[in-house]
>>> print(open('model17.txt').read())   # compact mmCIF, C-alpha atoms (C1' of nucleotides)
# COMPACT_ATOMS: atom_id res chain seq x y z
CA MET A 1 -20.11 17.05 -32.25
CA LYS A 2 -17.13 14.75 -31.94
CA ILE A 3 -16.32 13.16 -28.57
CA ALA A 4 -13.08 11.21 -28.14
CA THR A 5 -11.26 9.14 -25.56
CA TYR A 6 -7.53 8.52 -25.39
CA ASN A 7 -5.48 6.67 -22.81
CA VAL A 8 -2.27 8.64 -23.31
CA ASN A 9 -0.01 6.65 -20.95
CA GLY A 10 1.76 9.74 -19.61
CA VAL A 11 0.43 13.15 -20.66
CA ASN A 12 3.80 14.91 -20.53
CA GLY A 13 5.83 12.21 -22.23
CA ARG A 14 3.07 12.02 -24.82
CA LEU A 15 2.53 15.73 -25.34
CA PRO A 16 3.85 15.98 -28.96
CA VAL A 17 1.66 13.02 -29.98
CA LEU A 18 -1.36 14.43 -28.15
CA LEU A 19 -1.00 17.88 -29.73
CA ARG A 20 -0.51 16.45 -33.22
CA TRP A 21 -3.57 14.24 -32.84
CA LEU A 22 -5.70 17.14 -31.49
CA ALA A 23 -4.72 19.24 -34.51
CA GLU A 24 -5.44 16.47 -37.01
CA ALA A 25 -8.58 14.97 -35.47
CA ALA A 26 -10.09 18.20 -34.09
CA PRO A 27 -12.37 16.54 -31.51
CA ASP A 28 -14.80 18.81 -29.63
CA VAL A 29 -14.52 16.88 -26.37
CA VAL A 30 -11.65 14.64 -25.24
CA CYS A 31 -11.43 12.33 -22.24
CA LEU A 32 -7.87 11.47 -21.29
CA GLN A 33 -6.72 8.66 -19.01
CA GLU A 34 -3.40 7.69 -17.44
CA LEU A 35 -2.04 11.22 -17.17
CA LYS A 36 0.69 9.87 -14.84
CA ALA A 37 1.24 13.42 -13.61
CA PRO A 38 0.53 15.25 -10.35
CA GLN A 39 -2.10 17.98 -10.45
CA GLU A 40 0.46 20.78 -10.85
CA LYS A 41 2.29 19.09 -13.75
CA PHE A 42 -0.65 19.00 -16.17
CA PRO A 43 0.45 20.74 -19.42
CA LEU A 44 -2.38 23.28 -19.42
CA GLN A 45 -0.56 25.98 -21.38
CA ALA A 46 0.15 23.72 -24.34
CA ILE A 47 -3.40 22.39 -24.34
CA GLU A 48 -4.87 25.89 -24.18
CA ALA A 49 -2.58 26.96 -27.02
CA ALA A 50 -4.08 24.09 -29.02
CA GLY A 51 -7.53 25.62 -28.50
CA TYR A 52 -8.84 23.52 -25.61
CA GLN A 53 -9.98 24.27 -22.11
CA ALA A 54 -9.58 21.55 -19.53
CA ILE A 55 -10.29 20.14 -16.13
CA TRP A 56 -8.18 17.35 -14.72
CA HIS A 57 -7.60 15.20 -11.69
CA GLY A 58 -3.95 14.31 -11.43
CA GLN A 59 -2.00 11.94 -9.22
CA LYS A 60 1.70 11.42 -8.73
CA SER A 61 3.04 8.62 -10.95
CA TRP A 62 -0.18 6.78 -11.67
CA ASN A 63 -3.69 7.13 -13.05
CA GLY A 64 -5.06 10.64 -13.64
CA VAL A 65 -7.95 11.73 -15.88
CA ALA A 66 -8.82 14.91 -17.78
CA ILE A 67 -11.66 16.35 -19.84
CA LEU A 68 -10.82 18.77 -22.66
CA ALA A 69 -13.32 20.85 -24.63
CA ARG A 70 -12.64 22.97 -27.66
CA ASP A 71 -13.40 26.65 -27.05
CA VAL A 72 -15.57 26.02 -23.97
CA GLN A 73 -14.82 25.38 -20.32
CA PRO A 74 -16.04 22.00 -19.07
CA GLU A 75 -18.32 22.55 -16.07
CA GLU A 76 -17.01 20.18 -13.41
CA ILE A 77 -19.66 18.10 -11.62
CA ARG A 78 -17.47 15.74 -9.61
CA ARG A 79 -13.88 14.50 -9.47
CA VAL A 80 -14.34 11.27 -7.52
CA LEU A 81 -16.62 8.30 -7.96
CA PRO A 82 -19.01 8.21 -4.98
CA GLY A 83 -19.04 5.35 -2.53
CA ASP A 84 -15.57 5.08 -0.99
CA PRO A 85 -14.00 8.05 0.82
CA GLU A 86 -10.85 5.94 1.30
CA ASP A 87 -10.24 5.61 -2.44
CA GLU A 88 -7.44 8.02 -3.37
CA GLN A 89 -6.84 6.89 -6.95
CA SER A 90 -7.63 9.49 -9.62
CA ARG A 91 -9.85 7.51 -11.94
CA TYR A 92 -13.06 9.48 -12.46
CA LEU A 93 -13.99 12.98 -13.58
CA GLU A 94 -17.43 14.24 -14.63
CA ALA A 95 -18.44 17.43 -16.38
CA THR A 96 -21.24 19.05 -18.34
CA ILE A 97 -20.34 20.30 -21.82
CA ASN A 98 -22.94 21.75 -24.20
CA GLY A 99 -25.71 20.13 -22.15
CA ILE A 100 -24.12 16.67 -22.22
CA ARG A 101 -22.95 14.97 -19.04
CA VAL A 102 -19.55 13.37 -19.66
CA GLY A 103 -18.17 10.80 -17.21
CA CYS A 104 -14.49 10.20 -17.95
CA LEU A 105 -13.21 7.02 -16.33
CA TYR A 106 -10.16 4.83 -15.96
CA LEU A 107 -11.42 1.58 -14.53
CA PRO A 108 -8.82 -0.42 -12.57
CA ASN A 109 -6.89 -3.07 -14.49
CA GLY A 110 -7.38 -5.64 -11.73
CA ASN A 111 -4.48 -7.98 -12.40
CA PRO A 112 -3.34 -10.25 -10.97
CA ALA A 113 -6.64 -12.03 -10.49
CA PRO A 114 -7.72 -13.24 -8.10
CA GLY A 115 -6.23 -10.93 -5.49
CA PRO A 116 -6.63 -7.53 -3.82
CA LYS A 117 -6.26 -5.62 -7.10
CA PHE A 118 -9.04 -7.66 -8.66
CA ASP A 119 -11.20 -7.10 -5.57
CA TYR A 120 -10.60 -3.37 -5.96
CA LYS A 121 -11.60 -3.54 -9.62
CA LEU A 122 -14.89 -5.25 -8.79
CA ARG A 123 -15.65 -2.83 -5.94
CA TRP A 124 -14.89 0.12 -8.24
CA PHE A 125 -17.18 -1.43 -10.84
CA GLU A 126 -20.01 -1.68 -8.29
CA ARG A 127 -19.57 1.98 -7.38
CA LEU A 128 -19.61 2.93 -11.06
CA THR A 129 -22.77 0.92 -11.62
CA ALA A 130 -24.51 2.57 -8.67
CA HIS A 131 -23.54 6.02 -9.91
CA ALA A 132 -24.53 5.13 -13.47
CA ALA A 133 -28.03 4.25 -12.23
CA ASP A 134 -28.30 7.70 -10.66
CA LEU A 135 -27.20 9.32 -13.92
CA LEU A 136 -29.84 7.42 -15.91
CA ALA A 137 -32.49 8.31 -13.34
CA ALA A 138 -31.72 11.99 -13.91
CA ASP A 139 -33.02 11.53 -17.47
CA MET A 140 -30.40 13.54 -19.36
CA PRO A 141 -27.90 12.93 -22.16
CA VAL A 142 -24.96 11.08 -20.62
CA VAL A 143 -21.88 9.34 -21.95
CA LEU A 144 -19.64 7.16 -19.78
CA VAL A 145 -16.40 7.06 -21.67
CA GLY A 146 -12.85 5.90 -21.18
CA ASP A 147 -10.61 2.93 -20.55
CA PHE A 148 -12.89 0.35 -18.97
CA ASN A 149 -10.24 -2.40 -18.89
CA VAL A 150 -12.99 -4.75 -20.06
CA ILE A 151 -12.91 -7.02 -23.12
CA PRO A 152 -16.69 -7.26 -23.63
CA THR A 153 -16.85 -10.33 -25.89
CA GLU A 154 -14.64 -12.87 -27.65
CA LYS A 155 -14.61 -10.78 -30.80
CA ASP A 156 -12.92 -7.98 -28.87
CA ALA A 157 -9.62 -9.85 -28.37
CA TYR A 158 -7.17 -11.23 -30.92
CA LYS A 159 -6.92 -14.55 -29.08
CA PRO A 160 -9.70 -14.63 -26.52
CA GLU A 161 -8.63 -18.02 -25.14
CA ARG A 162 -5.47 -16.37 -23.82
CA TRP A 163 -7.45 -13.91 -21.74
CA VAL A 164 -9.91 -16.15 -19.91
CA ASN A 165 -8.05 -15.89 -16.60
CA ASP A 166 -7.13 -12.24 -17.04
CA ALA A 167 -8.85 -9.50 -15.04
CA LEU A 168 -10.00 -7.89 -18.30
CA PHE A 169 -11.95 -10.93 -19.43
CA ARG A 170 -12.78 -12.95 -16.33
CA PRO A 171 -16.42 -13.96 -15.85
CA GLU A 172 -16.80 -11.59 -12.87
CA THR A 173 -15.63 -8.68 -15.03
CA LEU A 174 -17.92 -9.53 -17.94
CA GLU A 175 -20.82 -10.00 -15.56
CA ALA A 176 -20.18 -6.57 -14.04
CA PHE A 177 -20.02 -4.98 -17.50
CA HIS A 178 -23.23 -6.64 -18.63
CA LYS A 179 -24.95 -5.63 -15.42
CA LEU A 180 -23.98 -2.03 -16.12
CA LEU A 181 -25.13 -2.22 -19.76
CA SER A 182 -28.44 -3.78 -18.72
CA GLN A 183 -29.39 -0.57 -16.92
CA GLY A 184 -29.98 0.82 -20.40
CA TRP A 185 -26.58 1.88 -21.76
CA THR A 186 -25.54 1.43 -25.38
CA ASP A 187 -22.02 0.33 -26.37
CA ALA A 188 -21.71 2.88 -29.19
CA ILE A 189 -18.89 1.24 -31.15
CA ARG A 190 -20.50 -2.19 -31.12
CA LYS A 191 -23.89 -0.77 -32.08
CA LEU A 192 -22.45 0.86 -35.20
CA PHE A 193 -20.13 -2.05 -36.07
CA PRO A 194 -21.88 -5.20 -34.81
CA GLU A 195 -19.57 -7.74 -36.46
CA GLU A 196 -16.28 -6.00 -37.20
CA THR A 197 -13.00 -6.67 -35.47
CA ILE A 198 -12.22 -3.40 -33.71
CA TYR A 199 -9.29 -2.88 -31.36
CA THR A 200 -8.28 0.16 -29.32
CA PHE A 201 -5.15 -1.19 -27.59
CA TRP A 202 -2.05 -3.04 -28.77
CA ASP A 203 0.83 -4.18 -26.54
CA TYR A 204 4.17 -2.45 -26.98
CA PHE A 205 6.04 -5.70 -27.50
CA ARG A 206 5.98 -8.71 -29.77
CA ASN A 207 5.07 -6.34 -32.61
CA ALA A 208 1.47 -6.46 -31.42
CA TYR A 209 0.42 -3.46 -33.50
CA GLY A 210 2.12 -4.78 -36.63
CA ARG A 211 0.31 -8.11 -36.16
CA ASN A 212 -2.95 -6.38 -35.21
CA ALA A 213 -2.90 -8.39 -31.98
CA GLY A 214 -5.14 -6.00 -30.10
CA LEU A 215 -7.98 -5.60 -27.65
CA ARG A 216 -11.11 -3.44 -27.59
CA ILE A 217 -11.16 -2.00 -24.08
CA ASP A 218 -11.91 1.73 -24.55
CA HIS A 219 -15.66 2.26 -24.68
CA PHE A 220 -18.47 4.79 -25.05
CA LEU A 221 -21.63 3.96 -23.11
CA LEU A 222 -24.56 6.15 -24.14
CA SER A 223 -27.79 6.95 -22.33
CA ASN A 224 -30.85 6.64 -24.56
CA HIS A 225 -30.88 10.40 -25.19
CA LEU A 226 -27.44 10.19 -26.76
CA ASP A 227 -28.06 6.82 -28.40
CA ARG A 228 -30.71 8.53 -30.54
CA ARG A 229 -28.16 11.16 -31.57
CA LEU A 230 -25.32 8.75 -32.46
CA LEU A 231 -24.01 9.24 -36.01
CA THR A 232 -20.58 7.66 -36.57
CA ALA A 233 -17.58 6.30 -34.71
CA GLY A 234 -14.01 5.24 -35.32
CA VAL A 235 -10.57 4.39 -34.01
CA ASP A 236 -7.62 6.56 -35.05
CA HIS A 237 -5.42 3.50 -35.65
CA SER A 238 -2.58 5.31 -37.31
CA VAL A 239 -1.77 7.23 -34.13
CA ARG A 240 -0.69 3.91 -32.59
CA GLY A 241 2.03 3.74 -35.26
CA TRP A 242 3.55 7.15 -34.47
CA GLU A 243 6.88 7.63 -32.70
CA LYS A 244 6.74 7.73 -28.90
CA THR A 245 3.08 6.77 -28.96
CA SER A 246 0.72 5.34 -26.33
CA ASP A 247 -0.23 1.66 -26.36
CA HIS A 248 -3.85 2.80 -26.85
CA ALA A 249 -5.24 4.57 -29.92
CA PRO A 250 -7.74 7.44 -29.72
CA VAL A 251 -11.39 6.39 -30.17
CA TRP A 252 -14.23 8.74 -31.11
CA ILE A 253 -17.93 9.08 -31.84
CA THR A 254 -19.94 11.82 -33.49
CA ILE A 255 -23.43 12.86 -32.42
CA THR A 256 -25.99 15.30 -33.72
CA ASP A 257 -25.72 18.71 -32.10
CA SER A 258 -29.22 18.52 -30.59
CA ASP A 259 -32.22 16.21 -30.23
C1' DA B 1 2.83 -18.68 -20.93
C1' DT B 2 5.56 -14.70 -20.79
C1' DG B 3 5.85 -7.39 -18.90
C1' DC B 4 10.00 -9.29 -24.23
C1' DC B 5 8.25 -2.38 -23.93
C1' DG B 6 7.41 1.93 -21.94
C1' DT B 7 6.51 5.49 -18.25
C1' DG B 8 7.41 7.93 -13.97
C1' DG B 9 10.01 8.49 -9.80
C1' DA B 10 13.51 7.50 -7.26
C1' DA B 11 17.81 6.05 -7.41
C1' DA B 12 21.35 3.79 -11.00
C1' DC B 13 16.30 -0.18 -9.77
C1' DC B 14 11.49 -0.43 -8.93
C1' DA B 15 6.16 -0.40 -9.47
C1' DC B 16 2.85 -0.63 -12.71
C1' DG B 17 0.41 -1.51 -16.96
C1' DA B 18 -3.17 -5.29 -19.89
>>> encode(input="model17.txt", output="C-alpha cells")
Amino acid sequence: MKIATYNVNGVNGRLPVLLRWLAEAAPDVVCLQELKAPQEKFPLQAIEAAGYQAIWHGQKSWNGVAILARDVQPEEIRRVLPGDPEDEQSRYLEATINGIRVGCLYLPNGNPAPGPKFDYKLRWFERLTAHAADLLAADMPVVLVGDFNVIPTEKDAYKPERWVNDALFRPETLEAFHKLLSQGWTDAIRKLFPEETIYTFWDYFRNAYGRNAGLRIDHFLLSNHLDRRLLTAGVDHSVRGWEKTSDHAPVWITITDSD
DNA sequence: ATGCCGTGGAAACCACGA
C-alpha cells in the first residue's frame, strides 16, 4: 500500500500536474494540502475519473486539505483539529482507509516570527500534539501526514544557518516537533534514510530546484503499528521540474498490506 | 538578507507562502 502527500499549491491551477502524477505514481492514498479552493470548487469529477474517491475541506483562497483513496471511499472521522472552536482555517482532515487512520494536516507556516502568526502556529502545534496523544492511546495504526512546516534538523535544509530565525526552524518549533515525536511517533523518511540529504520543497525563485536548494518539511509520522509495516519511501523529485508545478514535490511511503 | 515566483481573488493591486 502506497500512501502519499502533496502540497499542490492550488488544486485547480495544478490539476493537469496532479492528474499526471496520479497516473504515473498510482498511490493508493493521497493527502493534499493548500487546495486554495472553496468547498464547491474542488475538482471532484476529474479526480473520480482518475480512479479516486475523495473527501476534502476547502476554504476560499487559502489552505484546504483533501484525502484521496483509489477505488475506496475514505471514511471521514473529523474535519477540524479539536481544541479551538474559533479556528476557521481548513488545515486538518482525518479518515479511516483500509483500517488505517490517516490524519492529513497543513500546519501553519508561522512567519513572521515572533508575532501573532507564530503564536498561532505554536497553539496549533499544541492542539495537534494533544490530539496525537489521543490517537496513540487508541492503539491503532495511524499516520499523521502532510506539510508540517517544520525543518526537523540541520540536515533538512540546504543552508540551515539561514533559517535559524525562521518559523520553520526556530527553537520553539523544533521543540514542539520533538515533543510530538517523543510520544512515540516515527519520522518514516528519516528512519529509512538516516543520513541522506532529502528535500521535499524548493522555492520558485533563484533557481532553487536547479541548485537543489531545498527543505524537508513534508513528513510521515507513524504510530508503532505502522512503523512495523514500513517498507520503502521516496520523493517524486521530477514532478518539481514539470511545467506549472507546485513548489513542493510529492512524497510517499509504502507499507505492508497487513500486520 | 531578500517573496526575485506563483496562486487566488478582487480589482488592474493585494495577501500569502517558506
>>> closest_residue(input="model17.txt", among="A:Leu81, A:Ala50, A:Ile255, A:Val8", to="Glu24 of chain A", atoms="only C-alpha atoms")
A:Ala50
>>> closest_atom_pairs(input="model17.txt", of="chain A", to="chain B", cutoff="6 Å", atoms="all atoms listed in the file", output="Markdown table")
| residue | atom | partner | partner_atom | distance |
| --- | --- | --- | --- | --- |
| A:Ser61 | CA | B:DG8 | C1' | 5.4 |
| A:Tyr204 | CA | B:DC5 | C1' | 5.1 |
| A:Phe205 | CA | B:DC5 | C1' | 5.4 |
>>> residues_near_point(input="model17.txt", point="(-31.0, 9.0, -28.5)", cutoff="12 Å", atoms="all atoms listed in the file", output="VMD selection string")
chain A and resid 139 to 143 184 to 186 188 221 to 231 255 to 259
>>> closest_residue(input="model17.txt", among="A:Asn9, A:Gln73, A:Gln183, A:Thr197", to="Ala132 of chain A", atoms="only C-alpha atoms")
A:Gln183
>>> atom_distance(input="model17.txt", atom1="atom CA of Leu181 of chain A", atom2="atom CA of Ala137 of chain A")
14.4 Å
>>> atom_distance(input="model17.txt", atom1="atom CA of Arg216 of chain A", atom2="atom CA of Thr153 of chain A")
9.1 Å
>>> residues_around(input="model17.txt", residues="Asp87 of chain A", least_positions_apart="3", cutoff="12 Å", atoms="only C-alpha atoms (C1' of nucleotides)", output="list of chain:residue names")
A:Arg79, A:Val80, A:Leu81, A:Pro82, A:Gly83, A:Asp84, A:Ser90, A:Arg91, A:Tyr92, A:Pro108, A:Tyr120, A:Lys121, A:Arg123, A:Trp124, A:Arg127
>>> atom_distance(input="model17.txt", atom1="atom CA of Glu172 of chain A", atom2="atom CA of Ala95 of chain A")
29.3 Å
>>> closest_residue(input="model17.txt", among="A:His57, A:Gln45, A:Val29, A:Leu122", to="Thr96 of chain A", atoms="all atoms listed in the file")
A:Val29
>>> residues_near_point(input="model17.txt", point="(-15.9, -9.8, -36.7)", cutoff="12 Å", atoms="only C-alpha atoms (C1' of nucleotides)", output="MDAnalysis selection string")
chainID A and resid 153:158 190 193:199
>>> closest_residue(input="model17.txt", among="A:Asn111, A:Asn12, A:Gln33, A:Asn98", to="Trp163 of chain A", atoms="all atoms listed in the file")
A:Asn111
